[in-house]
Amino acid sequence: MSSLESNTEADSDLTPKIPVWELPDVPKGNLSPHLQLQRTRVVCNKEAPTNTENVQYSGAYAAMGVDNSLGLGEFRKRFRVEVIRLTEGDMEFDLIGIDASLANAFRRILIAELPTMAIEKVLIANNTSVIQDEVLAHRLGLIPLQVDPRLFEYMSENDIPNEKNTIVFKLHAQCEKGGSRSTVKTDELKWLPNGSELLLATENMASNEASKPKTYTSFTCSQDSLPEFSKNPIAPKHPDIIIAKLGPGQEIELEAHAVKGMGKTHAKWSPVATAWYRMLPEVVLLQEVEGNKAEELVKKCPVKVFDIEDICKGVKRAAVARPRDCTLCRECIRGDDWEKFVALQRIKDHFIFTIESTGALPPEVLFTEAVKILEDKCERVITELS
Ligand code: SF4
């Protein structure tokens, strides 16, 4: 017997008893089952995933009489959003029936194109701490602010800072001489609704009592007189973020000016700590796994996807209990002949999306704002083309 023949024999032993595409989980369409599987699933083999591409070409299956074009009617029928978890700070939801390119568009908009308010300019009157001025300014810039950015306007280079485009905070912290070290936290950043209190350098020198001294901002009214802020005073989202540590006798006195911006300019304006997605995993048992083998399978999975069922008279059988938790680590198909028992797949048009807000806006609002931005972009393209 040649070595080639013996290999072939060994390989046929490893072939699953049921082809994956004949399982009830695989959607049946007009295409032949293996093409339907290729179109709708990423298959995760022991070595590497296959069928990772998306077949977008409308005539891809024309030879089989199948129209693969993407129509709005079909999209409307299939598209669904299901919220799985929603808290003040984060949200997990399923986007079903969309292409990876659209899911990725939402992710990118959330990270880089949704505006927030962040500290951009820091006027330091005194800093005798060990933190250099530029490091201190950078730390202040990254503090999430609890304020709705939709209530503010963008400030361009030549604009004068006013109540509609700037938020001013003041920080004055001292550590007493002879005392113990102190920690400066975000709760010491005080909002100045009337704008800057620091006088412009030229005005400082030539101030006269008749005219109102000029400061770094030019507010026409107090921000706390506006109905949006009278009941929601502006402040850092978290009061306990450490800004600096002061030794005895050290002092920090500064003013921080926050303006509206986007994450694509600097990450400090990104409204999300993270926004990410993954395709829904599908774990399929290709044949019954019973007895010791079932227990071995349960032990193999680090995230407890499988459970043991007692079928009758103490006979134990493995069952897929929590497929959503699968991380596709492929541990359950490693070694021996496990690929005969378990098939791992991902559904190509089902995305588990997670948004973690930094606190300016709730996560569900962030997503609806991202949808509006994508809508605006589409309208712009349609206008340009027509
Ligand atoms: S791929 Fe990893 S996480 Fe998923 S079922 Fe197998 S062992 Fe568990």
# chains A, B, ... in the order shown; residues from 1 in each chain; ligands from 1
$ residues_near_ligand --ligand "ligand 1" --cutoff "8 Å" --atoms "only C-alpha atoms and all ligand atoms" --output "PyMOL selection string"
chain A and resi 281+283+300-306+323+325-333+344
$ select_by_dssp --residues "stretch 91-248 of chain A" --states "alpha helix (DSSP H)" --output "ChimeraX atom specification"
/A:100-112,133-141,201-205,227-230
$ residues_around --residues "A:Gln146" --least-positions-apart "5" --cutoff "8 Å" --atoms "only C-alpha atoms" --output "MDAnalysis selection string"
chainID A and resid 234:237 359:361
$ write_last_selection --atoms "N, CA and C atoms" --output "compact mmCIF listing (two decimals), in the first residue's frame"
# COMPACT_ATOMS: atom_id res chain seq x y z
N ILE A 234 -22.81 71.49 34.82
CA ILE A 234 -21.76 70.79 34.08
C ILE A 234 -20.63 70.39 35.04
N ALA A 235 -20.15 69.16 34.89
CA ALA A 235 -19.08 68.66 35.78
C ALA A 235 -18.40 67.48 35.11
N PRO A 236 -17.22 67.09 35.59
CA PRO A 236 -16.64 65.83 35.10
C PRO A 236 -17.57 64.67 35.42
N LYS A 237 -17.60 63.67 34.54
CA LYS A 237 -18.51 62.53 34.72
C LYS A 237 -18.19 61.76 36.01
N GLY A 359 -19.45 58.59 29.07
CA GLY A 359 -20.34 59.24 30.03
C GLY A 359 -21.06 60.49 29.56
N ALA A 360 -20.62 61.09 28.44
CA ALA A 360 -21.28 62.33 27.99
C ALA A 360 -22.72 62.03 27.59
N LEU A 361 -22.92 60.95 26.85
CA LEU A 361 -24.26 60.57 26.40
C LEU A 361 -24.47 59.08 26.69
$ residues_around --residues "A:Gln38" --least-positions-apart "3" --cutoff "6 Å" --atoms "only C-alpha atoms" --output "VMD selection string"
chain A and resid 35 41 51
$ select_by_dssp --residues "stretch 84-245 of chain A" --states "strand (DSSP E)" --output "compact mmCIF listing (two decimals) with N, CA and C atoms, in the first residue's frame"
# COMPACT_ATOMS: atom_id res chain seq x y z
N ILE A 84 -29.68 43.36 24.08
CA ILE A 84 -29.41 42.26 25.02
C ILE A 84 -29.17 42.80 26.42
N ARG A 85 -28.40 43.88 26.50
CA ARG A 85 -28.07 44.44 27.82
C ARG A 85 -27.93 45.96 27.68
N LEU A 86 -28.55 46.68 28.62
CA LEU A 86 -28.45 48.15 28.56
C LEU A 86 -28.28 48.68 29.97
N ASP A 90 -22.97 51.10 29.42
CA ASP A 90 -22.71 50.28 28.23
C ASP A 90 -23.95 49.54 27.74
N MET A 91 -23.81 49.02 26.54
CA MET A 91 -24.96 48.42 25.88
C MET A 91 -24.46 47.29 24.97
N GLU A 92 -25.18 46.16 25.01
CA GLU A 92 -24.87 45.08 24.06
C GLU A 92 -26.13 44.82 23.26
N PHE A 93 -26.02 44.81 21.97
CA PHE A 93 -27.20 44.55 21.14
C PHE A 93 -26.79 43.78 19.89
N ASP A 94 -27.79 43.12 19.29
CA ASP A 94 -27.53 42.33 18.08
C ASP A 94 -28.01 43.10 16.86
N LEU A 95 -27.16 43.18 15.87
CA LEU A 95 -27.56 43.75 14.58
C LEU A 95 -27.69 42.56 13.64
N ILE A 96 -28.91 42.28 13.21
CA ILE A 96 -29.15 41.07 12.42
C ILE A 96 -29.57 41.46 11.00
N THR A 116 -17.99 65.34 21.09
CA THR A 116 -18.16 65.52 22.54
C THR A 116 -17.45 66.81 22.94
N MET A 117 -17.56 67.16 24.22
CA MET A 117 -16.82 68.31 24.75
C MET A 117 -15.61 67.77 25.51
N ALA A 118 -14.46 68.38 25.29
CA ALA A 118 -13.26 67.98 26.05
C ALA A 118 -12.37 69.20 26.26
N ILE A 119 -11.58 69.14 27.32
CA ILE A 119 -10.70 70.28 27.65
C ILE A 119 -9.62 70.41 26.59
N GLU A 120 -9.55 71.59 25.98
CA GLU A 120 -8.62 71.81 24.88
C GLU A 120 -7.53 72.83 25.26
N LYS A 121 -7.93 73.84 26.05
CA LYS A 121 -6.96 74.88 26.40
C LYS A 121 -6.83 74.96 27.92
N VAL A 122 -5.60 74.96 28.41
CA VAL A 122 -5.39 75.06 29.86
C VAL A 122 -4.51 76.29 30.15
N LEU A 123 -5.04 77.20 30.94
CA LEU A 123 -4.28 78.41 31.30
C LEU A 123 -3.75 78.20 32.72
N ILE A 124 -2.44 78.03 32.81
CA ILE A 124 -1.86 77.69 34.11
C ILE A 124 -1.32 78.95 34.78
N ALA A 125 -1.91 79.28 35.92
CA ALA A 125 -1.46 80.45 36.68
C ALA A 125 -0.29 80.07 37.58
N ASN A 126 -0.35 78.86 38.13
CA ASN A 126 0.72 78.41 39.02
C ASN A 126 0.73 76.89 39.06
N ASN A 127 1.91 76.31 38.92
CA ASN A 127 2.03 74.86 39.04
C ASN A 127 3.39 74.53 39.64
N LEU A 145 -16.41 64.59 30.32
CA LEU A 145 -17.29 65.62 30.90
C LEU A 145 -18.75 65.22 30.70
N GLN A 146 -19.54 65.46 31.74
CA GLN A 146 -20.95 65.10 31.67
C GLN A 146 -21.73 66.29 31.13
N ILE A 167 -16.77 75.77 27.60
CA ILE A 167 -17.09 75.53 29.02
C ILE A 167 -15.80 75.80 29.79
N VAL A 168 -15.92 76.57 30.87
CA VAL A 168 -14.71 76.91 31.64
C VAL A 168 -14.75 76.24 33.02
N PHE A 169 -13.63 75.64 33.37
CA PHE A 169 -13.48 75.07 34.72
C PHE A 169 -12.29 75.73 35.40
N LYS A 170 -12.38 75.77 36.73
CA LYS A 170 -11.27 76.34 37.51
C LYS A 170 -10.77 75.26 38.47
N LEU A 171 -9.46 75.25 38.67
CA LEU A 171 -8.89 74.30 39.64
C LEU A 171 -7.86 75.05 40.47
N HIS A 172 -8.09 75.04 41.77
CA HIS A 172 -7.10 75.64 42.67
C HIS A 172 -6.91 74.69 43.85
N ALA A 173 -5.76 74.02 43.86
CA ALA A 173 -5.51 73.04 44.92
C ALA A 173 -4.15 73.33 45.55
N GLN A 174 -4.12 73.21 46.87
CA GLN A 174 -2.87 73.48 47.61
C GLN A 174 -2.64 72.37 48.62
N SER A 182 -1.19 65.36 49.39
CA SER A 182 -2.62 65.33 49.08
C SER A 182 -2.83 64.93 47.62
N THR A 183 -4.05 64.47 47.35
CA THR A 183 -4.39 64.02 45.99
C THR A 183 -5.43 64.97 45.41
N VAL A 184 -5.18 65.43 44.18
CA VAL A 184 -6.14 66.31 43.51
C VAL A 184 -6.99 65.45 42.58
N LYS A 185 -8.30 65.46 42.81
CA LYS A 185 -9.19 64.64 41.98
C LYS A 185 -10.12 65.54 41.17
N LYS A 190 -13.99 73.06 39.22
CA LYS A 190 -15.25 73.78 39.43
C LYS A 190 -15.66 74.49 38.14
N TRP A 191 -16.91 74.28 37.78
CA TRP A 191 -17.46 74.91 36.57
C TRP A 191 -17.66 76.41 36.81
N ALA A 235 -20.15 69.16 34.89
CA ALA A 235 -19.08 68.66 35.78
C ALA A 235 -18.40 67.48 35.11
N PRO A 236 -17.22 67.09 35.59
CA PRO A 236 -16.64 65.83 35.10
C PRO A 236 -17.57 64.67 35.42
N ILE A 242 -7.95 60.72 39.46
CA ILE A 242 -6.80 61.45 40.02
C ILE A 242 -6.15 62.33 38.96
N ILE A 243 -6.01 63.60 39.27
CA ILE A 243 -5.37 64.54 38.33
C ILE A 243 -3.88 64.67 38.67
N ALA A 244 -3.60 64.85 39.97
CA ALA A 244 -2.19 65.04 40.39
C ALA A 244 -2.06 64.72 41.87
N LYS A 245 -0.81 64.55 42.29
CA LYS A 245 -0.54 64.40 43.74
C LYS A 245 0.38 65.55 44.15
$ residues_around --residues "A:Val371" --least-positions-apart "2" --cutoff "12 Å" --atoms "only C-alpha atoms" --output "ChimeraX atom specification"
/A:102-103,105-110,113-114,364-369,373-378
$ write_last_selection --atoms "N, CA and C atoms" --output "short mmCIF file (atom, residue, chain, number, x, y, z; two decimals), in the first residue's frame"
data_model
loop_
_atom_site.label_atom_id
_atom_site.label_comp_id
_atom_site.auth_asym_id
_atom_site.auth_seq_id
_atom_site.Cartn_x
_atom_site.Cartn_y
_atom_site.Cartn_z
N LEU A 102 -21.38 47.65 6.92
CA LEU A 102 -22.26 48.59 7.62
C LEU A 102 -21.99 48.58 9.13
N ALA A 103 -21.82 47.38 9.68
CA ALA A 103 -21.52 47.29 11.11
C ALA A 103 -20.22 48.04 11.41
N ALA A 105 -19.02 50.52 9.67
CA ALA A 105 -19.25 51.96 9.49
C ALA A 105 -19.77 52.56 10.81
N PHE A 106 -20.69 51.85 11.47
CA PHE A 106 -21.20 52.35 12.77
C PHE A 106 -20.07 52.41 13.79
N ARG A 107 -19.24 51.39 13.81
CA ARG A 107 -18.13 51.36 14.78
C ARG A 107 -17.21 52.55 14.58
N ARG A 108 -16.88 52.81 13.30
CA ARG A 108 -15.94 53.90 13.02
C ARG A 108 -16.56 55.26 13.32
N ILE A 109 -17.85 55.41 13.02
CA ILE A 109 -18.51 56.69 13.33
C ILE A 109 -18.54 56.91 14.84
N LEU A 110 -18.86 55.84 15.58
CA LEU A 110 -18.92 55.97 17.05
C LEU A 110 -17.58 56.41 17.63
N GLU A 113 -16.39 60.05 14.83
CA GLU A 113 -17.15 61.14 14.22
C GLU A 113 -18.30 61.68 15.05
N LEU A 114 -18.47 61.14 16.24
CA LEU A 114 -19.53 61.69 17.11
C LEU A 114 -18.88 62.73 18.01
N GLU A 364 -27.25 54.19 24.17
CA GLU A 364 -28.30 54.05 23.15
C GLU A 364 -28.43 55.34 22.33
N VAL A 365 -28.18 56.48 22.98
CA VAL A 365 -28.23 57.76 22.26
C VAL A 365 -27.04 57.85 21.30
N LEU A 366 -25.90 57.35 21.75
CA LEU A 366 -24.72 57.36 20.87
C LEU A 366 -25.00 56.59 19.59
N PHE A 367 -25.66 55.44 19.73
CA PHE A 367 -25.93 54.64 18.53
C PHE A 367 -26.91 55.35 17.60
N THR A 368 -27.96 55.94 18.15
CA THR A 368 -28.93 56.63 17.28
C THR A 368 -28.26 57.84 16.61
N GLU A 369 -27.34 58.49 17.32
CA GLU A 369 -26.62 59.61 16.70
C GLU A 369 -25.72 59.11 15.56
N ILE A 373 -25.70 60.18 11.56
CA ILE A 373 -24.51 60.62 10.82
C ILE A 373 -24.35 59.81 9.53
N LEU A 374 -24.58 58.50 9.63
CA LEU A 374 -24.47 57.66 8.42
C LEU A 374 -25.55 58.06 7.40
N GLU A 375 -26.72 58.39 7.91
CA GLU A 375 -27.83 58.83 7.04
C GLU A 375 -27.43 60.12 6.30
N ASP A 376 -26.86 61.06 7.04
CA ASP A 376 -26.40 62.33 6.43
C ASP A 376 -25.38 62.06 5.33
N LYS A 377 -24.46 61.14 5.61
CA LYS A 377 -23.41 60.81 4.64
C LYS A 377 -24.05 60.25 3.37
N CYS A 378 -25.02 59.35 3.54
CA CYS A 378 -25.68 58.74 2.37
C CYS A 378 -26.40 59.82 1.57
#
$ residues_around --residues "A:Phe341" --least-positions-apart "3" --cutoff "6 Å" --atoms "only C-alpha atoms" --output "MDAnalysis selection string"
chainID A and resid 285:287 338
$ closest_residue --among "A:Glu255, A:Asp336, A:Asp349, A:Asp148" --to "A:Phe75" --atoms "only C-alpha atoms"
A:Asp349
$ closest_residue --among "A:Val289, A:Leu31, A:Met155, A:Ala112" --to "A:Thr265" --atoms "only C-alpha atoms"
A:Ala112
$ atom_distance --atom1 "atom CA of A:His257" --atom2 "atom CA of A:Ala370"
26.3 Å
$ residues_around --residues "A:Val272" --least-positions-apart "2" --cutoff "7 Å" --atoms "only C-alpha atoms" --output "ChimeraX atom specification"
/A:110-111,270,274-275,355-358
$ write_last_selection --atoms "N, CA and C atoms" --output "mmCIF file, in the first residue's frame"
data_model
loop_
_atom_site.group_PDB
_atom_site.id
_atom_site.type_symbol
_atom_site.label_atom_id
_atom_site.label_comp_id
_atom_site.auth_asym_id
_atom_site.auth_seq_id
_atom_site.Cartn_x
_atom_site.Cartn_y
_atom_site.Cartn_z
ATOM 1 N N LEU A 110 -18.862 55.841 15.582
ATOM 2 C CA LEU A 110 -18.922 55.966 17.047
ATOM 3 C C LEU A 110 -17.577 56.408 17.628
ATOM 4 N N ILE A 111 -16.513 55.854 17.105
ATOM 5 C CA ILE A 111 -15.189 56.165 17.668
ATOM 6 C C ILE A 111 -14.709 57.544 17.229
ATOM 7 N N SER A 270 -13.456 61.343 21.707
ATOM 8 C CA SER A 270 -14.231 60.149 21.363
ATOM 9 C C SER A 270 -15.241 59.878 22.486
ATOM 10 N N THR A 274 -14.954 52.179 24.185
ATOM 11 C CA THR A 274 -14.744 51.214 23.107
ATOM 12 C C THR A 274 -16.075 50.959 22.409
ATOM 13 N N ALA A 275 -16.007 50.649 21.140
ATOM 14 C CA ALA A 275 -17.184 50.217 20.371
ATOM 15 C C ALA A 275 -16.681 49.080 19.488
ATOM 16 N N ILE A 355 -21.219 48.765 22.970
ATOM 17 C CA ILE A 355 -20.802 50.178 23.061
ATOM 18 C C ILE A 355 -20.570 50.504 24.534
ATOM 19 N N GLU A 356 -19.399 51.032 24.843
ATOM 20 C CA GLU A 356 -19.114 51.506 26.207
ATOM 21 C C GLU A 356 -18.954 53.012 26.139
ATOM 22 N N SER A 357 -19.877 53.731 26.755
ATOM 23 C CA SER A 357 -19.828 55.204 26.701
ATOM 24 C C SER A 357 -18.845 55.740 27.739
ATOM 25 N N THR A 358 -18.230 56.887 27.421
ATOM 26 C CA THR A 358 -17.358 57.510 28.433
ATOM 27 C C THR A 358 -18.192 58.330 29.423
#
$ closest_residue --among "A:Gln345, A:Ser129, A:Thr217, A:Asn158" --to "A:Leu280" --atoms "only C-alpha atoms"
A:Gln345
$ atom_distance --atom1 "atom CA of A:Thr128" --atom2 "atom CA of A:Ile252"
6.5 Å
$ closest_residue --among "A:Lys46, A:Leu226, A:Asn30, A:Glu288" --to "A:Met64" --atoms "only C-alpha atoms"
A:Asn30
$ atom_distance --atom1 "atom CA of A:His34" --atom2 "atom CA of A:Lys293"
28.8 Å
